[in-house]
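Q: Before anything else, here's the structure in question.
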Amino acid sequence: MDDKVRVAEQQDLDTLESLREADADLRLPAVVEPVAYPLETLTPVARQQTPAVGQRAPRPDGRLHGLGQTKYIDDMTFPDMIHAKVLRAGIASARIISIDVSEAEAMPGVLATLVGKEIPVNSYGPSIQDQPLLADEFVRHAGDGVAAVAAVSEQIAKDALAKIKVEYEPIEPVFDPLEAIKEDSIKVHPTASNIYASKIVKKGDVEKAFAESAHIFEDQYRTQMVEHVPMEPHASIAMWDANERVSLWSSLGRITLGRADMARVLNMPVNRVRMIATIVGGNFGGKNELTTEPVLALLSKKTGRPVKGVYSREDEFISSTTRHPFIMDYKTGVSAEGKILARKVRLILDGGAYCSWSETTLGKACILSPGPYNIPNVHIEAYVTYTNKTMTGAMRGFGAPQVCFAYESQMDDIARKLGIDPLEIRMMNAFEEFADSPTGQVLESVVVKDSLKIAADRFGWKENG
Amino acid sequence: MIRKGRGIGCMWYPIGFTVMANPSAATVKVNEDGTATLLTGTVETGQGSLTVLGQIAAEELGIATDDVHVVSADTDTTPMDTGAIASRTTYVTGNAIQLAAEKAKNILFETAAPMLGVKPSQLEARDRKIQIKNFPQKSVSIGEVANRALSVTGEPPIGSASYNPPTVAMDPETGQGKPFSTYVYATQIAEVEVDDETGEVVVLRIAAAHDCGTAINPMLVEGQVQGGISMGIGFALQEEMLFNDQGQQINPNLTNYIMPTSLDMPEIDVDIVENYDPTGPFGAKGVGEPTSVPTAAAIMNAIYDAVGVRIHSLPATAEKVLMAIRENQANGQKQIEGGPAQLPAE
């Protein structure tokens with residue numbers, strides 16, 4: 001009996017051991033083995049053919065990715081390079097009474113700290129400059145950075161954050177966008193209203209068209225806040241040199257404007273800033289503006305060393321931009337045959353603590369919200385409001401996935417109510433060449449119906465009906 | 001019980017910024033051997049844009065993709081670019097590159113014309129040669145022409161140009177205007193399985209037909225569509241940043257913030273809708289963002305088709321779908337009880 005138990009245990013151990021081995025086999029080595037290059041590198045035929053347009057040409061960076069040789073920021077190192085970390089507020093709304101970095105600075109291995117007050121122009125943003133690089137007076141969401149530390153290792157920098165003492169006077173926060181848009185709501189910024197941008201698109205007479213409609217559909221749709229989750233988090237290295245020139249290796253997707261923003265917040269000539277973007281491990285809209293680049297630059301200035309800053313996954317979630325949650329009210333008037341006669345839309349966007357790319361998101365969502373359909377009467381109103389949450393900004397589609405979810409959901413409800421096939425009702429209403437868009441633009445190269453037909457044929461819509 | 005359903009998501013999406021100027025500039029230099037170097041200020045963020053931009057330069061110069069080396073993303077050396085945003089790179093930066101390459105090519109034509117005994121306007125660049133239009137027997141290699149331009153005539157074949165999409169400001173009262181130069185269109189159709197006892201949704205397949213004008217590189221277009229769909233599935237079914245009543249995110253990690261993995265990916269059939277936009281480089285528009293726009297809509301309509309519940313708020317987690325199914329059943333039950341005498345289904 002004992003033997004049997006022992007045998008069973010032994011088997012278990014074996015299994016565990018073999019699992020561990022298999023796991024180790026599957027793991028990629030931490031350091032990629034060097035590759036000896038063949039004398040002749042094979043060039044894919046599609047890259048050598050003319051004409052070049054239309055070729056399925058492989059990417060030259062694909063080879064580097066495949067060999068594990070692509071140098072992302074975190075793979076780069078410079079002599080004497082040090083590491084920076086940012087302390088996050090953790091409180092959603094507060095006035096900062098004091099920040100004491102003395103204990104952190106006294107830690108062995110810590111070379112410098114930085115607070116918002118040391119930044120020459122401590123505000124930025126692509127349309128409204130309402131965001132501090134490090135919060136100095138007010139904290140407006142829990143992910144706001146309040147101080148930064150540069151140390152000889154990432155771990156020491158992280159440990160030093162715990163030694164920074166910040167005294168807060170809490171302010172009552174507002175999280176619900178519908179609460180935030182009320183006149184008497186708590187204000188996130190010192191503005192008369194939390195609504196910081198709005199847009200209207202109107203054409204025809206919706207009320208008259210509703211009165212003439214055979215059916216009216218009214219629905220509310222909501223979407224959630226999501227993150228871009230790029231595989232490579234935000235990362236940069238800053239190097240300040242003796243000529244008062246700063247070089248930045250950054251994961252930013254827009255270096256020309258990034259350089260201008262850097263020069264603005266550091267209050268220095270544009271030609272003293274150099275921005276180099278490496279191959280970026282995913283952007284999706286999340287890497288379209290500065291994050292900690294100026295903070296790293298100033299830490300480099302203070303220490304005379306290159307400074308690297310890489311976001312943790314948590315930093316990425318709580319302090320980088322996210323997708324706007326939408327509250328969408330759709331009212332649609334339809335004829336007895338299924339023609340859309342009028343559509344009234346109200347969009348409320350949760351803009352989070354700072355503007356970021358909200359104006360662009362608002363504008364695109366507003367224009368696109370009726371869908372790719374001929375609707376003679378439209379009335380769209382869109383508002384974006386501050387709340388004490390992670391800021392929302394650019395994300396793949398700029399509000400389009402949100403409104404598409406709404407207008408296409410309602411389209412199917414209309415089809416079902418009227419007993420029309422979902423494909424047919426779309427074909428009946430879709431734009432054609434030279435269609436009149438909701439903003440009165442004459443549209444060209446329009447292929448909505450082709451895309452419907454091709455997708456339906458590929459799917460087997462008619463056969464599988 | 002597992003129930004199948006299908007749903008359509010159809011969309012339109014603009015290329016470039018809303019009215020606001022969003023220019024790109026580019027420089028194309030032809031080397032002594034007929035290869036070329038392209039300077040662009042845009043950034044490769046994983047989508048393959050540098051390959052597409054190289055193909056555009058190559059096409060205008062009549063050379064192959066591999067003949068063009070792309071230098072990008074250094075503000076000390078590369079020209080101004082609004083960047084990798086708003087699905088604008090192929091269209092806006094691509095147009096700037098085509099114009100820059102055309103300028104370099106015109107220098108090559110000036111150089112080649114006396115070599116071939118014709119006017120520059122009679123020439124075309126094709127298959128790494130400068131040849132006479134409609135008389136391709138008479139030609140000279142681009143390398144020979146470029147070398148001559150650099151070392152004999154002393155006019156290096158270099159071109160720089162910029163492009164900004166034409167728009168018309170929107171009226172502040174009515175929003176009427178031309179906010180974008182062009183738009184793309186697409187349809188995705190999803191097939192899903194819904195377990196009506198657990199609410200779990202599995203996306204089985206998606207047929208995606210996307211317009212991007214001319215597909216400069218069909219393989220990279222397909223890649224964008226596949227990636228966009230994965231993002232769309234996360235938005236539809238799984239991803240959500242959750243906050244406590246203090247405004248702190250409670251799932252700032254990939255253990256509790258659920259997003260699709262390869263195991264969640266359906267079968268995807270990509271079709272590129274044939275189209276040509278005369279305002280784009282070689283007829284191209286763009287494809288980056290729109291690929292993730294209609295996915296959630298198609299999946300929600302497929303869920304409705306499968307189990308008859310309309311999801312009004314994303315994401316359609318299993319809990320939410322199950323609750324909606326239960327509610328539907330309860331309502332159905334009530335109607336049966338209140339209605340004319342008939343046997344319940346179960």
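Residue names in the structure tokens use chain letters A, B, ... in the order shown, residue numbers from 1 in each chain, and ligand numbers from 1 in the order shown.
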Write out as a ChimeraX atom specification every residue belonging to chain A that has an atom at most 6 Å from any atom of chain B, counting only C-alpha atoms.
A: /A:47-56,59,92,142,200-202,221-226,253-254,256,274-277,279-280,282-283,314,317,372,396-397,401,405,408,439-441,445,448,451-452,455,459
Q: I need the residues of region 51-290 of chain B that end up classed as alpha helix (DSSP H) by DSSP on the backbone, written out as a PyMOL selection string.
A: chain B and resi 51-61+94-116+142-151+218-233
Q: I'd like the contact shell of Lys344 (chain A) - 12 Å cut-off, only C-alpha atoms, skipping same-chain residues fewer than 3 positions apart - returned as a PyMOL selection string.
A: chain A and resi 200-210+216-220+328-333+340-341+347+366+369-371+375-382+407+438
Q: Write the residues of the selection above to a file with C-alpha atoms, as a tab-separated table (two decimals), in the first residue's frame.
A:
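Result file follows (selection_39.tsv):
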chain	number	residue	atom	x	y	z
A	200	ILE	CA	-23.85	70.04	-33.19
A	201	VAL	CA	-24.60	68.64	-36.63
A	202	LYS	CA	-28.05	69.26	-38.07
A	203	LYS	CA	-29.71	68.94	-41.41
A	204	GLY	CA	-33.39	69.07	-42.44
A	205	ASP	CA	-36.18	69.06	-39.87
A	206	VAL	CA	-36.18	66.04	-37.58
A	207	GLU	CA	-39.35	66.92	-35.65
A	208	LYS	CA	-41.40	67.25	-38.84
A	209	ALA	CA	-39.95	64.00	-40.16
A	210	PHE	CA	-40.71	62.17	-36.87
A	216	ILE	CA	-40.30	55.63	-34.06
A	217	PHE	CA	-37.45	53.83	-32.29
A	218	GLU	CA	-35.92	55.20	-29.11
A	219	ASP	CA	-33.03	53.50	-27.35
A	220	GLN	CA	-30.14	54.26	-25.08
A	328	MET	CA	-25.92	57.49	-26.51
A	329	ASP	CA	-29.59	58.33	-26.97
A	330	TYR	CA	-30.91	57.44	-30.41
A	331	LYS	CA	-34.34	58.38	-31.74
A	332	THR	CA	-35.06	57.24	-35.28
A	333	GLY	CA	-38.09	57.72	-37.51
A	340	ILE	CA	-34.89	56.00	-42.37
A	341	LEU	CA	-36.44	59.45	-42.43
A	347	LEU	CA	-23.95	61.71	-27.11
A	366	CYS	CA	-20.80	63.34	-33.86
A	369	SER	CA	-23.20	58.79	-35.46
A	370	PRO	CA	-26.07	58.57	-38.02
A	371	GLY	CA	-24.22	55.71	-39.77
A	375	ILE	CA	-30.94	60.18	-43.74
A	376	PRO	CA	-32.47	63.46	-44.92
A	377	ASN	CA	-33.10	64.80	-41.42
A	378	VAL	CA	-30.53	64.59	-38.66
A	379	HIS	CA	-29.95	66.39	-35.41
A	380	ILE	CA	-26.89	65.40	-33.41
A	381	GLU	CA	-25.66	66.94	-30.20
A	382	ALA	CA	-22.52	65.75	-28.48
A	407	TYR	CA	-26.64	52.74	-34.91
A	438	PRO	CA	-24.81	64.52	-42.49
Q: List every residue of region 87-185 of chain B that DSSP, applied to the backbone of this structure, assigns to strand (DSSP E), and report them as a PyMOL selection string.
A: chain B and resi 123-126+129-132+135-141+158-163+183-185
Q: Go ahead and write the residues just picked, C-alpha atoms, as a JSON list (two decimals), in the first residue's frame.
A:
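Output file again_21.json follows:
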[["chain", "number", "residue", "atom", "x", "y", "z"],
["B", 123, "LEU", "CA", 9.33, 59.53, -70.67],
["B", 124, "GLU", "CA", 8.09, 57.15, -68.03],
["B", 125, "ALA", "CA", 9.80, 55.24, -65.20],
["B", 126, "ARG", "CA", 9.09, 51.53, -65.10],
["B", 129, "LYS", "CA", 14.27, 51.87, -66.39],
["B", 130, "ILE", "CA", 13.50, 55.27, -67.86],
["B", 131, "GLN", "CA", 11.76, 54.49, -71.11],
["B", 132, "ILE", "CA", 9.88, 56.25, -73.89],
["B", 135, "PHE", "CA", 8.06, 52.75, -77.22],
["B", 136, "PRO", "CA", 9.65, 50.81, -74.36],
["B", 137, "GLN", "CA", 12.31, 49.30, -76.59],
["B", 138, "LYS", "CA", 14.24, 52.53, -76.17],
["B", 139, "SER", "CA", 15.24, 52.87, -72.54],
["B", 140, "VAL", "CA", 18.09, 53.49, -70.14],
["B", 141, "SER", "CA", 18.48, 52.07, -66.64],
["B", 158, "ILE", "CA", 16.21, 64.73, -54.89],
["B", 159, "GLY", "CA", 12.63, 65.77, -54.28],
["B", 160, "SER", "CA", 10.82, 67.19, -51.27],
["B", 161, "ALA", "CA", 7.10, 67.83, -50.99],
["B", 162, "SER", "CA", 4.25, 68.09, -48.53],
["B", 163, "TYR", "CA", 0.56, 67.33, -48.49],
["B", 183, "TYR", "CA", -13.91, 58.23, -46.04],
["B", 184, "VAL", "CA", -13.66, 54.44, -46.11],
["B", 185, "TYR", "CA", -16.48, 51.91, -45.76]]
Q: So that I can see what lies close to Ala197 (chain A), please list as an mmCIF file with N, CA, C and O atoms, in the first residue's frame the residues with an atom at most 12 Å from it, counting only C-alpha atoms and leaving out residues fewer than 5 positions away in the same chain.
A:
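In the end it all went to result.cif:
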data_model
loop_
_atom_site.group_PDB
_atom_site.id
_atom_site.type_symbol
_atom_site.label_atom_id
_atom_site.label_comp_id
_atom_site.auth_asym_id
_atom_site.auth_seq_id
_atom_site.Cartn_x
_atom_site.Cartn_y
_atom_site.Cartn_z
ATOM 1 N N SER A 127 -5.274 69.827 -27.470
ATOM 2 C CA SER A 127 -6.124 70.970 -27.830
ATOM 3 C C SER A 127 -6.290 71.949 -26.662
ATOM 4 O O SER A 127 -6.138 73.153 -26.827
ATOM 5 N N ILE A 128 -6.604 71.446 -25.467
ATOM 6 C CA ILE A 128 -6.656 72.306 -24.288
ATOM 7 C C ILE A 128 -5.474 71.894 -23.404
ATOM 8 O O ILE A 128 -5.325 70.713 -23.093
ATOM 9 N N ILE A 181 -22.449 66.665 -15.726
ATOM 10 C CA ILE A 181 -22.948 67.691 -16.665
ATOM 11 C C ILE A 181 -24.003 68.602 -16.039
ATOM 12 O O ILE A 181 -24.375 69.611 -16.621
ATOM 13 N N LEU A 347 -25.099 62.469 -27.612
ATOM 14 C CA LEU A 347 -23.950 61.712 -27.108
ATOM 15 C C LEU A 347 -23.379 62.435 -25.893
ATOM 16 O O LEU A 347 -23.131 63.637 -25.950
ATOM 17 N N ILE A 348 -23.185 61.695 -24.808
ATOM 18 C CA ILE A 348 -22.464 62.231 -23.651
ATOM 19 C C ILE A 348 -21.185 61.405 -23.513
ATOM 20 O O ILE A 348 -21.242 60.188 -23.341
ATOM 21 N N LEU A 349 -20.053 62.073 -23.603
ATOM 22 C CA LEU A 349 -18.775 61.379 -23.500
ATOM 23 C C LEU A 349 -18.171 61.636 -22.124
ATOM 24 O O LEU A 349 -18.092 62.791 -21.694
ATOM 25 N N ASP A 350 -17.767 60.559 -21.484
ATOM 26 C CA ASP A 350 -17.026 60.693 -20.230
ATOM 27 C C ASP A 350 -15.588 61.057 -20.601
ATOM 28 O O ASP A 350 -14.846 60.229 -21.114
ATOM 29 N N GLY A 351 -15.227 62.309 -20.336
ATOM 30 C CA GLY A 351 -13.917 62.799 -20.782
ATOM 31 C C GLY A 351 -12.797 62.584 -19.785
ATOM 32 O O GLY A 351 -11.659 62.942 -20.061
ATOM 33 N N TYR A 354 -8.817 65.007 -17.903
ATOM 34 C CA TYR A 354 -8.190 66.003 -18.778
ATOM 35 C C TYR A 354 -8.689 65.846 -20.213
ATOM 36 O O TYR A 354 -9.158 64.776 -20.606
ATOM 37 N N CYS A 355 -8.535 66.918 -20.985
ATOM 38 C CA CYS A 355 -9.112 66.947 -22.338
ATOM 39 C C CYS A 355 -8.472 65.928 -23.279
ATOM 40 O O CYS A 355 -9.165 65.189 -23.957
ATOM 41 N N SER A 356 -7.136 65.924 -23.336
ATOM 42 C CA SER A 356 -6.430 65.057 -24.280
ATOM 43 C C SER A 356 -7.057 65.177 -25.678
ATOM 44 O O SER A 356 -7.313 66.281 -26.143
ATOM 45 N N TRP A 357 -7.383 64.056 -26.325
ATOM 46 C CA TRP A 357 -7.936 64.075 -27.678
ATOM 47 C C TRP A 357 -9.461 64.049 -27.687
ATOM 48 O O TRP A 357 -10.061 63.574 -28.654
ATOM 49 N N SER A 358 -10.084 64.528 -26.618
ATOM 50 C CA SER A 358 -11.543 64.459 -26.541
ATOM 51 C C SER A 358 -12.239 65.238 -27.642
ATOM 52 O O SER A 358 -13.261 64.803 -28.164
ATOM 53 N N GLU A 359 -11.702 66.401 -28.015
ATOM 54 C CA GLU A 359 -12.387 67.213 -29.035
ATOM 55 C C GLU A 359 -12.449 66.465 -30.362
ATOM 56 O O GLU A 359 -13.461 66.512 -31.058
ATOM 57 N N THR A 360 -11.376 65.785 -30.710
ATOM 58 C CA THR A 360 -11.353 65.010 -31.957
ATOM 59 C C THR A 360 -12.338 63.852 -31.874
ATOM 60 O O THR A 360 -13.088 63.579 -32.816
ATOM 61 N N THR A 361 -12.343 63.176 -30.727
ATOM 62 C CA THR A 361 -13.240 62.032 -30.547
ATOM 63 C C THR A 361 -14.698 62.490 -30.650
ATOM 64 O O THR A 361 -15.519 61.864 -31.319
ATOM 65 N N LEU A 362 -14.976 63.604 -29.984
ATOM 66 C CA LEU A 362 -16.328 64.170 -29.999
ATOM 67 C C LEU A 362 -16.757 64.509 -31.428
ATOM 68 O O LEU A 362 -17.855 64.156 -31.866
ATOM 69 N N GLY A 363 -15.863 65.168 -32.166
ATOM 70 C CA GLY A 363 -16.183 65.594 -33.525
ATOM 71 C C GLY A 363 -16.445 64.411 -34.437
ATOM 72 O O GLY A 363 -17.448 64.364 -35.159
ATOM 73 N N CYS A 366 -19.645 62.530 -33.506
ATOM 74 C CA CYS A 366 -20.804 63.335 -33.863
ATOM 75 C C CYS A 366 -21.128 63.187 -35.358
ATOM 76 O O CYS A 366 -22.256 62.906 -35.747
ATOM 77 N N GLU A 381 -26.316 66.095 -31.195
ATOM 78 C CA GLU A 381 -25.660 66.941 -30.201
ATOM 79 C C GLU A 381 -24.705 66.053 -29.437
ATOM 80 O O GLU A 381 -25.065 64.946 -29.040
ATOM 81 N N ALA A 382 -23.493 66.549 -29.218
ATOM 82 C CA ALA A 382 -22.522 65.746 -28.477
ATOM 83 C C ALA A 382 -21.800 66.621 -27.467
ATOM 84 O O ALA A 382 -21.463 67.776 -27.760
ATOM 85 N N TYR A 383 -21.612 66.062 -26.280
ATOM 86 C CA TYR A 383 -20.947 66.788 -25.198
ATOM 87 C C TYR A 383 -19.900 65.896 -24.552
ATOM 88 O O TYR A 383 -20.119 64.699 -24.405
ATOM 89 N N VAL A 384 -18.807 66.512 -24.141
ATOM 90 C CA VAL A 384 -17.816 65.751 -23.377
ATOM 91 C C VAL A 384 -17.584 66.471 -22.056
ATOM 92 O O VAL A 384 -17.471 67.692 -22.012
ATOM 93 N N THR A 385 -17.560 65.678 -20.990
ATOM 94 C CA THR A 385 -17.491 66.264 -19.654
ATOM 95 C C THR A 385 -16.300 65.732 -18.862
ATOM 96 O O THR A 385 -15.910 64.569 -19.008
ATOM 97 N N TYR A 386 -15.765 66.605 -18.036
ATOM 98 C CA TYR A 386 -14.735 66.176 -17.100
ATOM 99 C C TYR A 386 -15.358 65.288 -16.021
ATOM 100 O O TYR A 386 -16.490 65.542 -15.573
#
